[in-house]
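Colleague: Here you go, this is model_5.cif (mmCIF, C-alpha atoms).
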```cif
data_my_file
#
loop_
_atom_site.label_atom_id
_atom_site.label_comp_id
_atom_site.auth_asym_id
_atom_site.auth_seq_id
_atom_site.Cartn_x
_atom_site.Cartn_y
_atom_site.Cartn_z
CA LYS A 1 -24.06 -17.29 -15.71
CA ALA A 2 -24.14 -20.94 -16.68
CA GLY A 3 -20.83 -22.75 -16.66
CA VAL A 4 -19.17 -24.85 -19.32
CA THR A 5 -21.31 -27.80 -20.36
CA GLN A 6 -20.11 -31.00 -21.97
CA THR A 7 -22.12 -33.78 -23.52
CA PRO A 8 -22.31 -36.65 -23.14
CA ARG A 9 -20.90 -37.11 -19.65
CA TYR A 10 -20.13 -40.80 -20.14
CA LEU A 11 -19.52 -42.82 -23.26
CA ILE A 12 -18.55 -46.41 -23.97
CA LYS A 13 -17.24 -47.24 -27.42
CA THR A 14 -15.58 -50.18 -29.12
CA ARG A 15 -12.09 -50.12 -30.61
CA GLY A 16 -12.19 -48.92 -34.22
CA GLN A 17 -15.31 -46.80 -33.80
CA GLN A 18 -15.39 -43.03 -33.87
CA VAL A 19 -16.79 -40.60 -31.32
CA THR A 20 -17.87 -36.96 -31.20
CA LEU A 21 -17.85 -34.94 -27.98
CA SER A 22 -19.52 -31.59 -27.55
CA CYS A 23 -18.68 -28.51 -25.48
CA SER A 24 -20.70 -25.35 -24.91
CA PRO A 25 -18.61 -22.53 -23.46
CA ILE A 26 -19.67 -19.89 -20.98
CA SER A 27 -21.87 -17.30 -22.68
CA GLY A 28 -19.70 -14.62 -24.27
CA HIS A 29 -16.54 -16.72 -24.25
CA ARG A 30 -14.94 -17.16 -27.63
CA SER A 31 -12.15 -19.61 -26.97
CA VAL A 32 -12.57 -23.33 -26.39
CA SER A 33 -9.68 -25.63 -25.54
CA TRP A 34 -9.68 -29.39 -25.17
CA TYR A 35 -7.57 -31.49 -22.83
CA GLN A 36 -7.16 -35.20 -22.28
CA GLN A 37 -6.67 -36.52 -18.75
CA THR A 38 -5.32 -40.01 -18.11
CA PRO A 39 -3.73 -41.54 -15.00
CA GLY A 40 -0.48 -42.15 -16.86
CA GLN A 41 -0.02 -38.92 -18.83
CA GLY A 42 -1.94 -36.47 -16.68
CA LEU A 43 -3.55 -33.46 -18.35
CA GLN A 44 -2.46 -32.89 -21.91
CA PHE A 45 -3.48 -30.17 -24.33
CA LEU A 46 -5.28 -31.28 -27.47
CA PHE A 47 -6.21 -28.06 -29.29
CA GLU A 48 -7.65 -24.59 -28.96
CA TYR A 49 -10.29 -22.93 -31.10
CA PHE A 50 -10.95 -19.22 -31.27
CA SER A 51 -13.37 -17.57 -33.70
CA GLU A 52 -13.89 -20.89 -35.48
CA THR A 53 -10.16 -21.28 -36.18
CA GLN A 54 -7.77 -23.76 -34.63
CA ARG A 55 -5.06 -21.66 -33.00
CA ASN A 56 -2.86 -24.34 -31.57
CA LYS A 57 -2.63 -28.11 -31.52
CA GLY A 58 -1.00 -30.47 -29.07
CA ASN A 59 1.06 -33.53 -29.82
CA PHE A 60 -1.74 -35.93 -30.72
CA PRO A 61 -2.25 -38.02 -33.87
CA GLY A 62 -4.46 -36.85 -36.70
CA ARG A 63 -7.25 -39.13 -35.45
CA PHE A 64 -8.05 -36.34 -33.02
CA SER A 65 -9.77 -33.39 -34.65
CA GLY A 66 -12.11 -30.62 -33.69
CA ARG A 67 -14.11 -27.69 -34.88
CA GLN A 68 -15.85 -24.63 -33.55
CA PHE A 69 -19.13 -23.17 -34.66
CA SER A 70 -20.14 -19.55 -35.03
CA ASN A 71 -21.88 -19.64 -31.62
CA SER A 72 -18.53 -20.73 -30.07
CA ARG A 73 -19.74 -24.26 -29.33
CA SER A 74 -17.09 -26.83 -30.12
CA GLU A 75 -16.92 -30.48 -30.98
CA MET A 76 -14.01 -32.86 -30.94
CA ASN A 77 -13.90 -36.08 -32.88
CA VAL A 78 -11.74 -39.14 -32.42
CA SER A 79 -11.72 -41.63 -35.26
CA THR A 80 -10.57 -45.24 -35.21
CA LEU A 81 -10.63 -45.44 -31.44
CA GLU A 82 -7.86 -47.25 -29.61
CA LEU A 83 -7.87 -48.63 -26.09
CA GLY A 84 -5.41 -45.90 -25.09
CA ASP A 85 -7.96 -43.23 -25.95
CA SER A 86 -9.88 -44.10 -22.79
CA ALA A 87 -9.69 -40.92 -20.77
CA LEU A 88 -11.53 -37.97 -19.30
CA TYR A 89 -11.85 -35.30 -21.99
CA LEU A 90 -12.10 -31.81 -20.58
CA CYS A 91 -13.16 -28.68 -22.34
CA ALA A 92 -12.09 -25.22 -21.17
CA SER A 93 -13.73 -21.91 -21.99
CA SER A 94 -12.00 -18.54 -22.05
CA PRO A 95 -13.09 -14.99 -22.94
CA GLY A 96 -10.21 -14.66 -25.38
CA LEU A 97 -7.11 -16.49 -26.50
CA ALA A 98 -6.22 -19.06 -23.88
CA GLY A 99 -2.73 -17.75 -23.25
CA PHE A 100 -4.04 -14.34 -22.17
CA TYR A 101 -7.22 -15.06 -20.20
CA GLU A 102 -8.33 -17.30 -17.38
CA GLN A 103 -9.81 -20.66 -18.35
CA TYR A 104 -12.84 -22.40 -16.87
CA PHE A 105 -13.35 -26.11 -17.25
CA GLY A 106 -16.43 -28.21 -17.77
CA PRO A 107 -17.21 -31.48 -15.93
CA GLY A 108 -15.67 -33.59 -18.68
CA THR A 109 -16.72 -36.54 -20.79
CA ARG A 110 -15.53 -39.91 -19.55
CA LEU A 111 -14.75 -42.06 -22.61
CA THR A 112 -14.17 -45.77 -22.19
CA VAL A 113 -12.94 -47.76 -25.18
CA THR A 114 -13.38 -51.53 -24.99
CA GLY B 1 10.92 -26.25 -22.28
CA GLU B 2 7.48 -26.53 -20.76
CA ASP B 3 7.37 -28.32 -17.45
CA VAL B 4 5.47 -27.90 -14.21
CA GLU B 5 6.41 -29.90 -11.12
CA GLN B 6 4.50 -30.48 -7.92
CA SER B 7 4.90 -32.69 -4.90
CA LEU B 8 2.53 -35.64 -5.15
CA PHE B 9 1.00 -35.89 -1.71
CA LEU B 10 0.23 -33.75 1.34
CA SER B 11 -1.52 -34.80 4.51
CA VAL B 12 -2.71 -32.26 7.11
CA ARG B 13 -5.02 -32.18 10.11
CA GLU B 14 -8.34 -30.37 9.95
CA GLY B 15 -7.90 -26.75 11.03
CA ASP B 16 -4.22 -26.60 10.08
CA SER B 17 -2.85 -24.66 7.11
CA SER B 18 -1.90 -26.49 3.93
CA VAL B 19 0.84 -25.32 1.60
CA ILE B 20 1.11 -26.83 -1.86
CA ASN B 21 4.19 -25.96 -3.90
CA CYS B 22 4.85 -25.85 -7.62
CA THR B 23 7.72 -24.92 -9.91
CA TYR B 24 7.37 -23.95 -13.55
CA THR B 25 9.74 -23.26 -16.40
CA ASP B 26 8.22 -20.86 -18.93
CA SER B 27 9.27 -17.32 -18.06
CA SER B 28 6.78 -15.86 -20.54
CA SER B 29 3.76 -17.26 -18.69
CA THR B 30 0.97 -14.71 -18.32
CA TYR B 31 -1.15 -16.45 -15.71
CA LEU B 32 -0.46 -19.16 -13.14
CA TYR B 33 -3.39 -21.16 -11.91
CA TRP B 34 -4.54 -23.42 -9.15
CA TYR B 35 -7.29 -25.88 -9.98
CA LYS B 36 -9.06 -28.35 -7.69
CA GLN B 37 -10.37 -31.70 -8.83
CA GLU B 38 -12.64 -33.89 -6.73
CA PRO B 39 -13.23 -37.56 -7.59
CA GLY B 40 -15.18 -37.98 -10.82
CA ALA B 41 -15.38 -34.24 -11.44
CA GLY B 42 -13.85 -31.68 -13.79
CA LEU B 43 -11.40 -28.98 -12.81
CA GLN B 44 -12.59 -26.17 -10.58
CA LEU B 45 -10.67 -22.91 -10.96
CA LEU B 46 -9.68 -21.97 -7.42
CA THR B 47 -7.60 -18.92 -8.08
CA TYR B 48 -5.04 -17.50 -10.45
CA ILE B 49 -2.33 -14.91 -10.32
CA PHE B 50 -1.06 -12.67 -13.04
CA SER B 51 2.64 -13.00 -13.64
CA ASN B 52 3.43 -9.43 -12.58
CA MET B 53 2.00 -9.99 -9.08
CA ASP B 54 3.76 -11.40 -6.02
CA MET B 55 0.78 -12.37 -3.94
CA LYS B 56 -2.95 -12.78 -4.17
CA GLN B 57 -5.35 -13.47 -1.32
CA ASP B 58 -8.86 -14.77 -1.77
CA GLN B 59 -10.66 -15.72 1.47
CA ARG B 60 -8.85 -18.82 2.80
CA LEU B 61 -6.53 -19.00 -0.18
CA THR B 62 -3.19 -17.23 -0.53
CA VAL B 63 -1.05 -17.54 -3.63
CA LEU B 64 2.61 -16.56 -3.54
CA LEU B 65 4.66 -16.15 -6.69
CA ASN B 66 8.45 -15.98 -6.81
CA LYS B 67 9.27 -15.17 -10.41
CA LYS B 68 13.02 -15.31 -9.90
CA ASP B 69 12.84 -18.92 -8.73
CA LYS B 70 9.76 -19.74 -10.86
CA HIS B 71 8.05 -20.97 -7.71
CA LEU B 72 4.34 -20.82 -6.96
CA SER B 73 2.60 -21.82 -3.77
CA LEU B 74 -0.99 -22.17 -2.60
CA ARG B 75 -1.76 -21.79 1.08
CA ILE B 76 -5.14 -22.94 2.36
CA ALA B 77 -5.91 -21.58 5.81
CA ASP B 78 -8.07 -23.53 8.29
CA THR B 79 -8.10 -26.61 6.04
CA GLN B 80 -11.37 -28.56 6.13
CA THR B 81 -12.22 -32.15 5.19
CA GLY B 82 -14.03 -30.77 2.15
CA ASP B 83 -10.68 -29.50 0.88
CA SER B 84 -9.53 -33.08 0.31
CA ALA B 85 -8.95 -33.30 -3.44
CA ILE B 86 -6.25 -33.16 -6.09
CA TYR B 87 -4.77 -29.71 -6.67
CA PHE B 88 -3.22 -28.84 -10.00
CA CYS B 89 -0.84 -26.05 -10.69
CA ALA B 90 -0.82 -24.78 -14.29
CA GLU B 91 0.98 -22.13 -16.27
CA SER B 92 -0.39 -20.44 -19.35
CA ILE B 93 1.92 -20.61 -22.31
CA LYS B 94 1.53 -17.16 -23.78
CA TYR B 95 2.35 -17.86 -27.37
CA GLY B 96 1.03 -21.41 -27.33
CA ASN B 97 -2.45 -20.51 -26.19
CA LYS B 98 -2.54 -23.43 -23.81
CA LEU B 99 -2.07 -24.48 -20.22
CA VAL B 100 0.67 -26.82 -19.03
CA PHE B 101 -0.29 -28.71 -15.91
CA GLY B 102 1.63 -30.31 -13.12
CA ALA B 103 0.88 -33.91 -12.15
CA GLY B 104 -1.31 -32.80 -9.26
CA THR B 105 -0.93 -32.87 -5.47
CA ILE B 106 -3.26 -35.13 -3.52
CA LEU B 107 -4.36 -33.28 -0.38
CA ARG B 108 -5.68 -35.47 2.40
CA VAL B 109 -7.27 -33.75 5.38
CA LYS B 110 -7.55 -35.82 8.55
CA SER B 111 -10.29 -35.02 11.06
#
```
How would this structure read if it were set down as structure tokens?

Modeller:
Amino acid sequence: KAGVTQTPRYLIKTRGQQVTLSCSPISGHRSVSWYQQTPGQGLQFLFEYFSETQRNKGNFPGRFSGRQFSNSRSEMNVSTLELGDSALYLCASSPGLAGFYEQYFGPGTRLTVT
Amino acid sequence: GEDVEQSLFLSVREGDSSVINCTYTDSSSTYLYWYKQEPGAGLQLLTYIFSNMDMKQDQRLTVLLNKKDKHLSLRIADTQTGDSAIYFCAESIKYGNKLVFGAGTILRVKS
């Protein structure tokens, strides 16, 4: 079975721009979660989607948003980028709701904001 | 509250056993995880243990769970240089549908 895929793997954007990241979960998995990893804050939960509905959201500003499609693929969007948004964005795939099933991570998208 | 703590650094010699420790706070956690991250890579799920288990063994990996003390450990037997990485402990927050991670333990294996 193919693993979790994320595109693009690397991205460089300018402050004020917006960005969309994509995640394709493992086939058959219905939950997709997003995490931000930075040297200062570590791994922090952004949001989880299950059956096209956001089930939980972390403590991030409204500039961070996401959605999930009927095929379980998910996108996250960050608008009005700030320098502090530079991070590794990781997507996790789970057969069911993330609190009840194991989660598998993709390779991440490295976002650099200049 | 939600908090996971780990020691930051561990150095061992090749062939020795490594033990990485973690404490967590949420007593309603369903799963507790160990992930491995190599430089420039995502998180690799190494193993996980369900909260009603005390121990799980998977080849060179042994996970011990002490629910009373909310303490989790990962033992790597016969540690190899390829085991050098950052190891993250995480607990699943049952009603939050998310994982809470520790800061990670850097494991350095000396040959």

Colleague: At a cut-off of 10 Å, list the chain B residues touching chain A, using all atoms listed in the file, as a PyMOL selection string.

Modeller: chain B and resi 29-33+35+37+40-50+88+90-104

Colleague: Quick one, how far is CA of Leu8 (chain B) from CA of Tyr87 (chain B)?

Modeller: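 According to the coordinates, CA of Leu8 (chain B) and CA of Tyr87 (chain B) are separated by 9.5 Å.
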
Colleague: Give me, as an NGL selection string, all polymer residues having an atom no more than 10 Å from Pro39 (chain B), counting all atoms listed in the file and skipping those fewer than 3 positions away in the same chain.

Modeller: :B and (42 or 84-86)

Colleague: What is the distance between CA of Met55 (chain B) and CA of Asn21 (chain B), in Å to one decimal?

Modeller: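 Rounded to one decimal, the two atoms are 14.0 Å apart.
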
Colleague: Given the PyMOL selection byres ((chain A and resi 1-16) around 10) and the file above, list the residues it selects as number ranges by chain.

Modeller: A: 17-29, 32, 73-75, 78-86, 88-94, 104-114

Colleague: Excluding same-chain residues fewer than 4 positions from Ser73 (chain B), what lies within 10 Å of it counting only C-alpha atoms, as a VMD selection string?

Modeller: chain B and resid 6 19 to 23 34 55 62 to 66 89

Colleague: Return the single residue from B:Arg60, B:Ser7, B:Asp26, B:Lys110 that is closest to Asp78 (chain B), with distances computed using all atoms listed in the file.

Modeller: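 The closest residue to Asp78 (chain B) is B:Arg60.
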
Colleague: Which value, in Å to one decimal, gives the distance between CA of Met53 (chain B) and CA of Thr79 (chain B)?

Modeller: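 Taking CA of Met53 (chain B) as the start and CA of Thr79 (chain B) as the end point, the length is 24.6 Å.
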
Colleague: Anything within 9 Å of (12.0, -23.3, -15.5): list those residues as a compact mmCIF listing (two decimals) with C-alpha atoms, in the frame of the given file, counting all atoms listed in the file and sticking to the file's coordinates.

Modeller:
```txt
# COMPACT_ATOMS: atom_id res chain seq x y z
CA GLY B 1 10.92 -26.25 -22.28
CA GLU B 2 7.48 -26.53 -20.76
CA ASP B 3 7.37 -28.32 -17.45
CA VAL B 4 5.47 -27.90 -14.21
CA THR B 23 7.72 -24.92 -9.91
CA TYR B 24 7.37 -23.95 -13.55
CA THR B 25 9.74 -23.26 -16.40
CA ASP B 26 8.22 -20.86 -18.93
CA SER B 27 9.27 -17.32 -18.06
CA ASP B 69 12.84 -18.92 -8.73
CA LYS B 70 9.76 -19.74 -10.86
```

Colleague: Using the chain letters and numbers from this file, what does the PyMOL selection byres ((chain B and resi 61) around 7) select? Give the answer as a compact mmCIF listing (two decimals) with C-alpha atoms, in the frame of the given file.

Modeller:
```txt
# COMPACT_ATOMS: atom_id res chain seq x y z
CA GLN B 57 -5.35 -13.47 -1.32
CA ASP B 58 -8.86 -14.77 -1.77
CA GLN B 59 -10.66 -15.72 1.47
CA ARG B 60 -8.85 -18.82 2.80
CA THR B 62 -3.19 -17.23 -0.53
CA VAL B 63 -1.05 -17.54 -3.63
CA LEU B 74 -0.99 -22.17 -2.60
CA ARG B 75 -1.76 -21.79 1.08
CA ILE B 76 -5.14 -22.94 2.36
CA ALA B 77 -5.91 -21.58 5.81
```

Colleague: I'd like the contact shell of Phe9 (chain B) - 8 Å cut-off, all atoms listed in the file, skipping same-chain residues fewer than 2 positions apart - returned as a tab-separated table (two decimals) with C-alpha atoms, in the coordinates of the input.

Modeller:
```tsv
chain	number	residue	atom	x	y	z
B	7	SER	CA	4.90	-32.69	-4.90
B	11	SER	CA	-1.52	-34.80	4.51
B	105	THR	CA	-0.93	-32.87	-5.47
B	106	ILE	CA	-3.26	-35.13	-3.52
B	107	LEU	CA	-4.36	-33.28	-0.38
B	108	ARG	CA	-5.68	-35.47	2.40
```

Colleague: Given the PyMOL selection byres ((chain A and resi 70) around 10) and the file above, list the residues it selects as a short mmCIF file (atom, residue, chain, number, x, y, z; two decimals) with C-alpha atoms, keeping the file's coordinate frame.

Modeller:
```
data_model
loop_
_atom_site.label_atom_id
_atom_site.label_comp_id
_atom_site.auth_asym_id
_atom_site.auth_seq_id
_atom_site.Cartn_x
_atom_site.Cartn_y
_atom_site.Cartn_z
CA ARG A 30 -14.94 -17.16 -27.63
CA PHE A 50 -10.95 -19.22 -31.27
CA SER A 51 -13.37 -17.57 -33.70
CA GLU A 52 -13.89 -20.89 -35.48
CA GLN A 68 -15.85 -24.63 -33.55
CA PHE A 69 -19.13 -23.17 -34.66
CA ASN A 71 -21.88 -19.64 -31.62
CA SER A 72 -18.53 -20.73 -30.07
CA ARG A 73 -19.74 -24.26 -29.33
CA SER A 74 -17.09 -26.83 -30.12
#
```

Colleague: Can region 28-42 of chain B be brought up to N, CA, C and O atoms and written out as a short mmCIF file (atom, residue, chain, number, x, y, z; two decimals), keeping the file's coordinate frame?

Modeller:
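Here's the written file result-v2.cif:
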```
data_model
loop_
_atom_site.label_atom_id
_atom_site.label_comp_id
_atom_site.auth_asym_id
_atom_site.auth_seq_id
_atom_site.Cartn_x
_atom_site.Cartn_y
_atom_site.Cartn_z
N SER B 28 7.71 -16.77 -19.87
CA SER B 28 6.78 -15.86 -20.54
C SER B 28 5.33 -16.11 -20.14
O SER B 28 4.41 -15.54 -20.71
N SER B 29 5.12 -16.96 -19.13
CA SER B 29 3.76 -17.26 -18.69
C SER B 29 3.03 -15.98 -18.30
O SER B 29 3.60 -15.12 -17.63
N THR B 30 1.78 -15.88 -18.69
CA THR B 30 0.97 -14.71 -18.32
C THR B 30 0.23 -14.96 -17.02
O THR B 30 0.21 -14.13 -16.13
N TYR B 31 -0.42 -16.09 -16.92
CA TYR B 31 -1.15 -16.45 -15.71
C TYR B 31 -0.62 -17.76 -15.15
O TYR B 31 -0.17 -18.63 -15.89
N LEU B 32 -0.74 -17.89 -13.82
CA LEU B 32 -0.46 -19.16 -13.14
C LEU B 32 -1.70 -19.50 -12.34
O LEU B 32 -2.28 -18.64 -11.68
N TYR B 33 -2.09 -20.76 -12.42
CA TYR B 33 -3.39 -21.16 -11.91
C TYR B 33 -3.28 -22.24 -10.84
O TYR B 33 -2.34 -23.03 -10.84
N TRP B 34 -4.31 -22.28 -10.03
CA TRP B 34 -4.54 -23.42 -9.15
C TRP B 34 -5.96 -23.94 -9.41
O TRP B 34 -6.92 -23.19 -9.33
N TYR B 35 -6.02 -25.21 -9.76
CA TYR B 35 -7.29 -25.88 -9.98
C TYR B 35 -7.46 -26.99 -8.95
O TYR B 35 -6.50 -27.60 -8.52
N LYS B 36 -8.72 -27.27 -8.63
CA LYS B 36 -9.06 -28.35 -7.69
C LYS B 36 -9.90 -29.37 -8.43
O LYS B 36 -10.82 -29.01 -9.18
N GLN B 37 -9.59 -30.65 -8.21
CA GLN B 37 -10.37 -31.70 -8.83
C GLN B 37 -10.80 -32.71 -7.78
O GLN B 37 -9.96 -33.32 -7.12
N GLU B 38 -12.09 -32.88 -7.64
CA GLU B 38 -12.64 -33.89 -6.73
C GLU B 38 -12.93 -35.16 -7.54
O GLU B 38 -13.03 -35.09 -8.77
N PRO B 39 -13.05 -36.28 -6.87
CA PRO B 39 -13.23 -37.56 -7.59
C PRO B 39 -14.40 -37.50 -8.57
O PRO B 39 -15.52 -37.10 -8.22
N GLY B 40 -14.13 -37.91 -9.81
CA GLY B 40 -15.18 -37.98 -10.82
C GLY B 40 -15.64 -36.64 -11.38
O GLY B 40 -16.60 -36.59 -12.15
N ALA B 41 -14.95 -35.57 -11.02
CA ALA B 41 -15.38 -34.24 -11.44
C ALA B 41 -14.38 -33.60 -12.38
O ALA B 41 -13.27 -34.11 -12.58
N GLY B 42 -14.76 -32.45 -12.96
CA GLY B 42 -13.85 -31.68 -13.79
C GLY B 42 -12.94 -30.84 -12.93
O GLY B 42 -12.79 -31.08 -11.73
#
```
